[in-house]
$ cat my_file.cif   # mmCIF, C-alpha atoms
data_start
loop_
_atom_site.label_atom_id
_atom_site.label_comp_id
_atom_site.auth_asym_id
_atom_site.auth_seq_id
_atom_site.Cartn_x
_atom_site.Cartn_y
_atom_site.Cartn_z
CA MET A 26 80.63 121.91 109.29
CA LYS A 27 78.88 124.88 110.93
CA ALA A 28 76.66 123.53 113.68
CA GLY A 29 75.62 124.51 117.18
CA LEU A 30 75.99 127.88 118.85
CA GLU A 31 79.79 127.89 119.00
CA ARG A 32 81.84 129.88 116.55
CA GLU A 33 84.07 126.91 115.89
CA ARG A 34 83.00 124.36 113.33
CA ALA A 35 82.05 120.88 114.46
CA ALA A 36 84.12 118.00 113.09
CA LEU A 37 82.58 114.77 111.87
CA LEU A 38 84.84 111.73 112.01
CA ILE A 39 83.91 109.41 109.15
CA ALA A 40 85.25 105.95 108.36
CA VAL A 41 84.58 103.82 105.29
CA ALA A 42 85.55 100.15 105.35
CA GLY A 43 86.56 98.04 102.38
CA LEU A 44 85.11 94.57 102.91
CA VAL A 45 86.61 91.28 101.81
CA ASP A 46 84.00 90.87 99.04
CA GLY A 47 84.88 94.25 97.50
CA ARG A 48 82.01 96.28 98.96
CA LYS A 49 82.64 99.65 100.60
CA GLU A 50 80.55 100.49 103.63
CA VAL A 51 80.26 103.57 105.85
CA VAL A 52 80.92 102.30 109.36
CA ALA A 53 81.21 105.51 111.39
CA VAL A 54 79.85 109.07 111.29
CA VAL A 55 80.63 110.52 114.72
CA PRO A 56 80.97 114.11 115.96
CA GLY A 57 84.46 114.72 117.30
CA TYR A 58 86.55 117.53 118.72
CA ARG A 59 89.13 118.90 116.28
CA GLU A 60 89.92 115.40 114.97
CA SER A 61 91.88 114.77 118.16
CA VAL A 62 93.58 111.52 119.17
CA GLU A 63 91.00 111.09 121.93
CA SER A 64 88.05 111.53 119.57
CA TRP A 65 89.45 109.15 116.97
CA SER A 66 90.35 106.62 119.67
CA GLU A 67 86.72 106.58 120.79
CA VAL A 68 85.60 105.94 117.21
CA LEU A 69 88.03 103.05 116.73
CA ARG A 70 87.20 101.51 120.11
CA ASP A 71 83.50 101.67 119.23
CA LEU A 72 84.19 99.86 115.95
CA ARG A 73 86.16 97.22 117.83
CA GLU A 74 83.39 96.75 120.38
CA ARG A 75 80.87 96.37 117.54
CA GLY A 76 82.88 93.40 116.25
CA MET A 77 85.28 94.91 113.75
CA HIS A 78 88.68 93.21 113.68
CA ALA A 79 91.93 95.10 113.16
CA PRO A 80 92.09 96.44 109.59
CA ARG A 81 95.02 95.39 107.46
CA LEU A 82 95.56 98.94 106.19
CA VAL A 83 94.25 102.38 107.17
CA ILE A 84 94.30 105.32 104.74
CA GLY A 85 93.99 108.85 106.05
CA ASP A 86 95.17 112.43 105.64
CA GLY A 87 98.06 114.07 107.45
CA HIS A 88 96.15 114.90 110.61
CA LEU A 89 97.86 113.35 113.62
CA GLY A 90 94.64 112.37 115.39
CA ILE A 91 93.86 109.24 113.38
CA TRP A 92 97.43 107.95 113.53
CA GLY A 93 97.74 108.43 117.27
CA ALA A 94 94.40 106.71 117.80
CA LEU A 95 95.42 103.82 115.56
CA ARG A 96 98.50 103.20 117.70
CA ASN A 97 96.22 103.16 120.76
CA VAL A 98 93.67 100.70 119.40
CA TRP A 99 95.12 98.75 116.44
CA PRO A 100 98.91 99.23 116.42
CA GLU A 101 99.31 96.23 114.11
CA ALA A 102 97.51 97.97 111.21
CA ASP A 103 99.57 99.39 108.33
CA GLU A 104 99.29 103.12 107.60
CA GLN A 105 99.01 104.89 104.24
CA ARG A 106 98.86 108.66 104.03
CA CYS A 107 96.81 110.28 101.25
CA TRP A 108 98.90 111.48 98.29
CA ASN A 109 96.38 114.17 97.32
CA HIS A 110 96.74 115.84 100.71
CA LYS A 111 100.53 115.49 100.57
CA VAL A 112 100.69 117.18 97.16
CA LEU A 113 98.61 120.10 98.44
CA ASN A 114 100.85 120.41 101.50
CA VAL A 115 103.96 120.54 99.32
CA LEU A 116 102.45 123.08 96.91
CA GLU A 117 101.68 125.38 99.86
CA GLN A 118 105.44 125.73 100.33
CA LEU A 119 105.99 126.84 96.72
CA PRO A 120 105.15 130.06 94.84
CA CYS A 121 102.16 129.82 92.48
CA ARG A 122 104.34 130.20 89.38
CA GLN A 123 106.02 126.87 90.19
CA HIS A 124 102.86 124.87 90.83
CA VAL A 125 102.42 123.43 87.34
CA VAL A 126 105.95 122.04 87.17
CA ALA A 127 105.95 120.86 90.78
CA LYS A 128 102.57 119.17 90.50
CA SER A 129 103.74 117.23 87.45
CA MET A 130 106.85 116.04 89.29
CA LEU A 131 104.88 115.08 92.41
CA ARG A 132 102.35 113.14 90.37
CA ALA A 133 105.20 111.22 88.73
CA ILE A 134 106.42 110.25 92.21
CA ALA A 135 103.01 109.12 93.43
CA TYR A 136 102.29 107.07 90.32
CA ALA A 137 105.72 105.50 89.85
CA PRO A 138 105.29 101.80 88.97
CA ILE A 139 107.80 100.60 91.57
CA ARG A 140 109.07 102.01 94.85
CA ALA A 141 112.67 102.35 93.64
CA GLU A 142 111.53 104.69 90.87
CA ALA A 143 109.44 106.69 93.34
CA GLU A 144 112.55 107.09 95.52
CA ARG A 145 114.59 108.24 92.52
CA LYS A 146 111.98 110.77 91.43
CA ARG A 147 111.69 112.02 94.99
CA LYS A 148 115.43 112.78 95.02
CA GLU A 149 115.09 114.60 91.69
CA PHE A 150 112.33 116.75 93.17
CA GLU A 151 114.41 117.51 96.26
CA VAL A 152 117.36 118.59 94.08
CA TRP A 153 114.99 120.78 92.06
CA CYS A 154 113.67 122.38 95.28
CA HIS A 155 117.04 122.97 96.91
CA GLY A 156 118.42 124.47 93.70
CA ARG A 157 115.67 127.12 93.76
CA GLY A 158 115.60 127.79 97.47
CA TYR A 159 112.45 125.79 98.24
CA SER A 160 113.88 123.62 101.02
CA LYS A 161 110.61 123.60 102.98
CA ALA A 162 108.82 121.95 100.06
CA ALA A 163 111.44 119.20 99.96
CA GLU A 164 111.17 118.71 103.72
CA THR A 165 107.37 118.50 103.50
CA LEU A 166 107.59 115.77 100.86
CA GLY A 167 110.04 113.75 102.92
CA ARG A 168 107.99 113.99 106.10
CA ASP A 169 106.21 110.68 106.82
CA TRP A 170 107.74 109.21 103.66
CA GLU A 171 107.40 105.59 104.79
CA ARG A 172 103.66 106.09 105.24
CA MET A 173 103.47 107.56 101.74
CA VAL A 174 104.77 104.41 100.05
CA THR A 175 103.00 101.71 102.04
CA PHE A 176 100.74 100.97 99.07
CA TYR A 177 103.65 99.30 97.25
CA ARG A 178 103.28 96.43 99.71
CA TYR A 179 99.76 95.73 98.47
CA PRO A 180 98.35 94.38 95.17
CA LYS A 181 98.81 96.73 92.23
CA GLU A 182 95.13 96.30 91.38
CA HIS A 183 94.23 98.01 94.67
CA TRP A 184 96.54 101.01 94.39
CA VAL A 185 93.85 103.20 92.84
CA HIS A 186 91.80 102.75 96.02
CA ILE A 187 94.49 103.02 98.69
CA ARG A 188 96.84 105.69 97.34
CA THR A 189 94.44 108.49 98.38
CA THR A 190 91.37 109.11 100.56
CA ASN A 191 89.15 109.67 97.52
CA VAL A 192 86.88 106.87 98.74
CA VAL A 193 85.71 109.34 101.40
CA GLU A 194 86.38 112.64 99.63
CA SER A 195 84.29 111.87 96.52
CA PRO A 196 80.93 111.51 98.35
CA PHE A 197 81.78 114.69 100.26
CA ALA A 198 81.45 116.76 97.09
CA ASP A 199 77.66 116.26 97.10
CA LEU A 200 77.48 116.51 100.89
CA ARG A 201 79.07 119.94 100.90
CA LEU A 202 76.43 121.27 98.52
CA ARG A 203 73.78 120.43 101.12
CA THR A 204 75.72 121.58 104.19
CA ASP A 205 76.82 124.83 102.50
CA ALA A 206 73.22 125.58 101.53
CA ALA A 207 72.12 125.02 105.13
CA LYS A 208 74.56 127.74 106.30
CA ARG A 209 74.49 126.50 109.90
CA PHE A 210 72.73 123.65 111.70
CA LYS A 211 71.23 124.49 115.08
CA ARG A 212 72.39 121.25 116.62
CA VAL A 213 75.33 118.97 115.83
CA GLU A 214 73.07 115.93 116.21
CA ARG A 215 70.78 117.16 113.42
CA ALA A 216 73.72 117.79 111.10
CA THR A 217 75.10 114.34 111.86
CA ALA A 218 71.75 112.71 111.08
CA VAL A 219 71.43 114.54 107.75
CA ILE A 220 74.96 113.67 106.67
CA TRP A 221 74.58 110.04 107.78
CA LYS A 222 71.41 109.68 105.74
CA MET A 223 73.04 111.24 102.67
CA LEU A 224 75.99 108.89 103.00
CA MET A 225 73.63 105.93 103.19
CA VAL A 226 72.12 107.01 99.87
CA ALA A 227 75.56 107.58 98.35
CA GLN A 228 76.68 104.16 99.56
CA THR A 229 74.24 102.45 97.21
CA ARG A 230 76.27 103.91 94.32
CA PHE A 231 79.74 103.14 95.65
CA ARG A 232 81.86 101.25 93.12
CA ARG A 233 83.33 98.01 94.36
CA LEU A 234 87.01 97.54 95.00
CA ASN A 235 89.03 96.20 92.10
CA ALA A 236 90.16 92.56 92.11
CA PRO A 237 88.03 91.46 95.08
CA GLU A 238 89.47 87.96 94.72
CA LEU A 239 92.77 89.31 96.10
CA LEU A 240 91.22 90.82 99.24
CA ALA A 241 91.12 87.49 101.07
CA LYS A 242 94.86 87.13 100.44
CA VAL A 243 95.49 90.63 101.74
CA HIS A 244 93.44 89.90 104.85
CA ALA A 245 95.37 86.67 105.37
CA GLY A 246 98.65 88.58 105.34
CA VAL A 247 100.08 87.51 101.97
CA GLN A 248 103.15 89.63 101.23
CA TYR A 249 103.44 91.88 98.15
CA GLU A 250 106.39 93.79 96.75
CA ASP A 251 105.84 96.59 94.24
CA GLY A 252 102.28 95.31 93.86
CA VAL A 253 103.26 91.73 93.00
CA GLU A 254 102.72 88.77 95.30
CA VAL A 255 105.95 87.47 96.85
CA VAL A 256 106.23 83.75 96.16
CA ARG A 257 108.55 81.92 98.52
CA GLU A 258 110.04 78.64 97.35
CA GLU A 259 110.05 75.80 99.86
CA VAL A 260 113.31 73.91 99.98
CA ALA A 261 113.13 70.22 100.87
CA ALA A 262 115.09 69.22 103.94
#

$ encode --input "my_file.cif" --output "structure tokens"
Amino acid sequence: MKAGLERERAALLIAVAGLVDGRKEVVAVVPGYRESVESWSEVLRDLRERGMHAPRLVIGDGHLGIWGALRNVWPEADEQRCWNHKVLNVLEQLPCRQHVVAKSMLRAIAYAPIRAEAERKRKEFEVWCHGRGYSKAAETLGRDWERMVTFYRYPKEHWVHIRTTNVVESPFADLRLRTDAAKRFKRVERATAVIWKMLMVAQTRFRRLNAPELLAKVHAGVQYEDGVEVVREEVAA
């Protein structure tokens, strides 16, 4: 957002938590510097000091700041990178005339019902790219691949929530209308207060997470494979 006297835009670091009862709650709206590791580390440490335990899974975009901070504060948390951001990053490496075809193929990868199929479709996309001289697009898709498919280790009912960062991006659509109309805030603190208040209003309309009855299992560390709970048989001695 445009705030303060500097030419550079101020960054707001925002975190939304999914609670065990299915509610979604804004837990941090903090000014940061360029989404750096240091800034995100301060946000996560503050959450920890306020009583928040290590999250089971963290969803974010491709910016390195959040991931570096997570390793500093909660290294045990799983990481899922947003598929919407990944698709945009891949499309940037392709000419516009190929976007329709590429977007369809990328969507098929992201929404594959099992990980093995996602791997197969990824290879098909890479062959398609290399055959047309778009090696950078294939490399972009493969970068951080393990963090792209983490969601397969969680309940299928929750994939719609954890495959992307839409839980944060959707409320931003209305926020941007207000911040764009303001042109520039004189002080970062005032902009932060306005955006925090707007998020508090938006929070009252947040939809709950699907299948909240499974969240306690997720928190307890129950294992899932391709969205299905792994049942281990106990063999009598």

$ resolve_selection --input "my_file.cif" --expression "the PyMOL selection byres ((chain A and resi 133) around 12)" --output "PyMOL selection string"
chain A and resi 108+112+126-132+134-140+142-147+149-150

$ write_last_selection --input "my_file.cif" --atoms "C-alpha atoms" --output "JSON list (two decimals), in the frame of the given file"
[["chain", "number", "residue", "atom", "x", "y", "z"],
["A", 108, "TRP", "CA", 98.90, 111.48, 98.29],
["A", 112, "VAL", "CA", 100.69, 117.18, 97.16],
["A", 126, "VAL", "CA", 105.95, 122.04, 87.17],
["A", 127, "ALA", "CA", 105.95, 120.86, 90.78],
["A", 128, "LYS", "CA", 102.57, 119.17, 90.50],
["A", 129, "SER", "CA", 103.74, 117.23, 87.45],
["A", 130, "MET", "CA", 106.85, 116.04, 89.29],
["A", 131, "LEU", "CA", 104.88, 115.08, 92.41],
["A", 132, "ARG", "CA", 102.35, 113.14, 90.37],
["A", 134, "ILE", "CA", 106.42, 110.25, 92.21],
["A", 135, "ALA", "CA", 103.01, 109.12, 93.43],
["A", 136, "TYR", "CA", 102.29, 107.07, 90.32],
["A", 137, "ALA", "CA", 105.72, 105.50, 89.85],
["A", 138, "PRO", "CA", 105.29, 101.80, 88.97],
["A", 139, "ILE", "CA", 107.80, 100.60, 91.57],
["A", 140, "ARG", "CA", 109.07, 102.01, 94.85],
["A", 142, "GLU", "CA", 111.53, 104.69, 90.87],
["A", 143, "ALA", "CA", 109.44, 106.69, 93.34],
["A", 144, "GLU", "CA", 112.55, 107.09, 95.52],
["A", 145, "ARG", "CA", 114.59, 108.24, 92.52],
["A", 146, "LYS", "CA", 111.98, 110.77, 91.43],
["A", 147, "ARG", "CA", 111.69, 112.02, 94.99],
["A", 149, "GLU", "CA", 115.09, 114.60, 91.69],
["A", 150, "PHE", "CA", 112.33, 116.75, 93.17]]

$ closest_atom_pairs --input "my_file.cif" --of "segment 83-131 of chain A" --to "segment 166-182 of chain A" --cutoff "8 Å" --atoms "all atoms listed in the file" --output "Markdown table"
| residue | atom | partner | partner_atom | distance |
| --- | --- | --- | --- | --- |
| A:Asp103 | CA | A:Thr175 | CA | 7.5 |
| A:Glu104 | CA | A:Arg172 | CA | 5.8 |
| A:Gln105 | CA | A:Arg172 | CA | 4.9 |
| A:Arg106 | CA | A:Met173 | CA | 5.3 |
| A:Cys107 | CA | A:Met173 | CA | 7.2 |
| A:Trp108 | CA | A:Met173 | CA | 6.9 |
| A:Lys111 | CA | A:Leu166 | CA | 7.1 |
| A:Val112 | CA | A:Leu166 | CA | 8.0 |
| A:Val115 | CA | A:Leu166 | CA | 6.2 |

$ write_last_selection --input "my_file.cif" --atoms "C-alpha atoms" --output "mmCIF file, in the coordinates of the input"
data_model
loop_
_atom_site.group_PDB
_atom_site.id
_atom_site.type_symbol
_atom_site.label_atom_id
_atom_site.label_comp_id
_atom_site.auth_asym_id
_atom_site.auth_seq_id
_atom_site.Cartn_x
_atom_site.Cartn_y
_atom_site.Cartn_z
ATOM 1 C CA ASP A 103 99.570 99.390 108.330
ATOM 2 C CA GLU A 104 99.290 103.120 107.600
ATOM 3 C CA GLN A 105 99.010 104.890 104.240
ATOM 4 C CA ARG A 106 98.860 108.660 104.030
ATOM 5 C CA CYS A 107 96.810 110.280 101.250
ATOM 6 C CA TRP A 108 98.900 111.480 98.290
ATOM 7 C CA LYS A 111 100.530 115.490 100.570
ATOM 8 C CA VAL A 112 100.690 117.180 97.160
ATOM 9 C CA VAL A 115 103.960 120.540 99.320
#

$ residues_around --input "my_file.cif" --residues "Ala79 of chain A" --least-positions-apart "3" --cutoff "9 Å" --atoms "all atoms listed in the file" --output "list in words"
Arg73, Leu82, Val98, Trp99, Pro100, Glu101 and Ala102 of chain A

$ resolve_selection --input "my_file.cif" --expression "the PyMOL selection byres ((chain A and resi 119) around 10)" --output "number ranges by chain"
A: 114-118, 120-124, 127, 154, 158-163

$ resolve_selection --input "my_file.cif" --expression "the PyMOL selection byres ((chain A and resi 215-223) around 8)" --output "ChimeraX atom specification"
/A:28,37,54-56,200,210-214,224-227

$ write_last_selection --input "my_file.cif" --atoms "C-alpha atoms" --output "PDB file, keeping the file's coordinate frame"
ATOM      1  CA  ALA A  28      76.660 123.530 113.680  1.00  0.00           C
ATOM      2  CA  LEU A  37      82.580 114.770 111.870  1.00  0.00           C
ATOM      3  CA  VAL A  54      79.850 109.070 111.290  1.00  0.00           C
ATOM      4  CA  VAL A  55      80.630 110.520 114.720  1.00  0.00           C
ATOM      5  CA  PRO A  56      80.970 114.110 115.960  1.00  0.00           C
ATOM      6  CA  LEU A 200      77.480 116.510 100.890  1.00  0.00           C
ATOM      7  CA  PHE A 210      72.730 123.650 111.700  1.00  0.00           C
ATOM      8  CA  LYS A 211      71.230 124.490 115.080  1.00  0.00           C
ATOM      9  CA  ARG A 212      72.390 121.250 116.620  1.00  0.00           C
ATOM     10  CA  VAL A 213      75.330 118.970 115.830  1.00  0.00           C
ATOM     11  CA  GLU A 214      73.070 115.930 116.210  1.00  0.00           C
ATOM     12  CA  LEU A 224      75.990 108.890 103.000  1.00  0.00           C
ATOM     13  CA  MET A 225      73.630 105.930 103.190  1.00  0.00           C
ATOM     14  CA  VAL A 226      72.120 107.010  99.870  1.00  0.00           C
ATOM     15  CA  ALA A 227      75.560 107.580  98.350  1.00  0.00           C
TER      16      ALA A 227
END

$ atom_distance --input "my_file.cif" --atom1 "atom CA of Val52 of chain A" --atom2 "atom CA of Glu238 of chain A"
22.2 Å

$ atom_distance --input "my_file.cif" --atom1 "atom CA of Met77 of chain A" --atom2 "atom CA of Ala40 of chain A"
12.3 Å

$ atom_distance --input "my_file.cif" --atom1 "atom CA of Arg70 of chain A" --atom2 "atom CA of Arg230 of chain A"
28.1 Å

$ closest_residue --input "my_file.cif" --among "A:Lys242, A:Val256, A:Thr165, A:Arg59" --to "His110 of chain A" --atoms "only C-alpha atoms"
A:Thr165
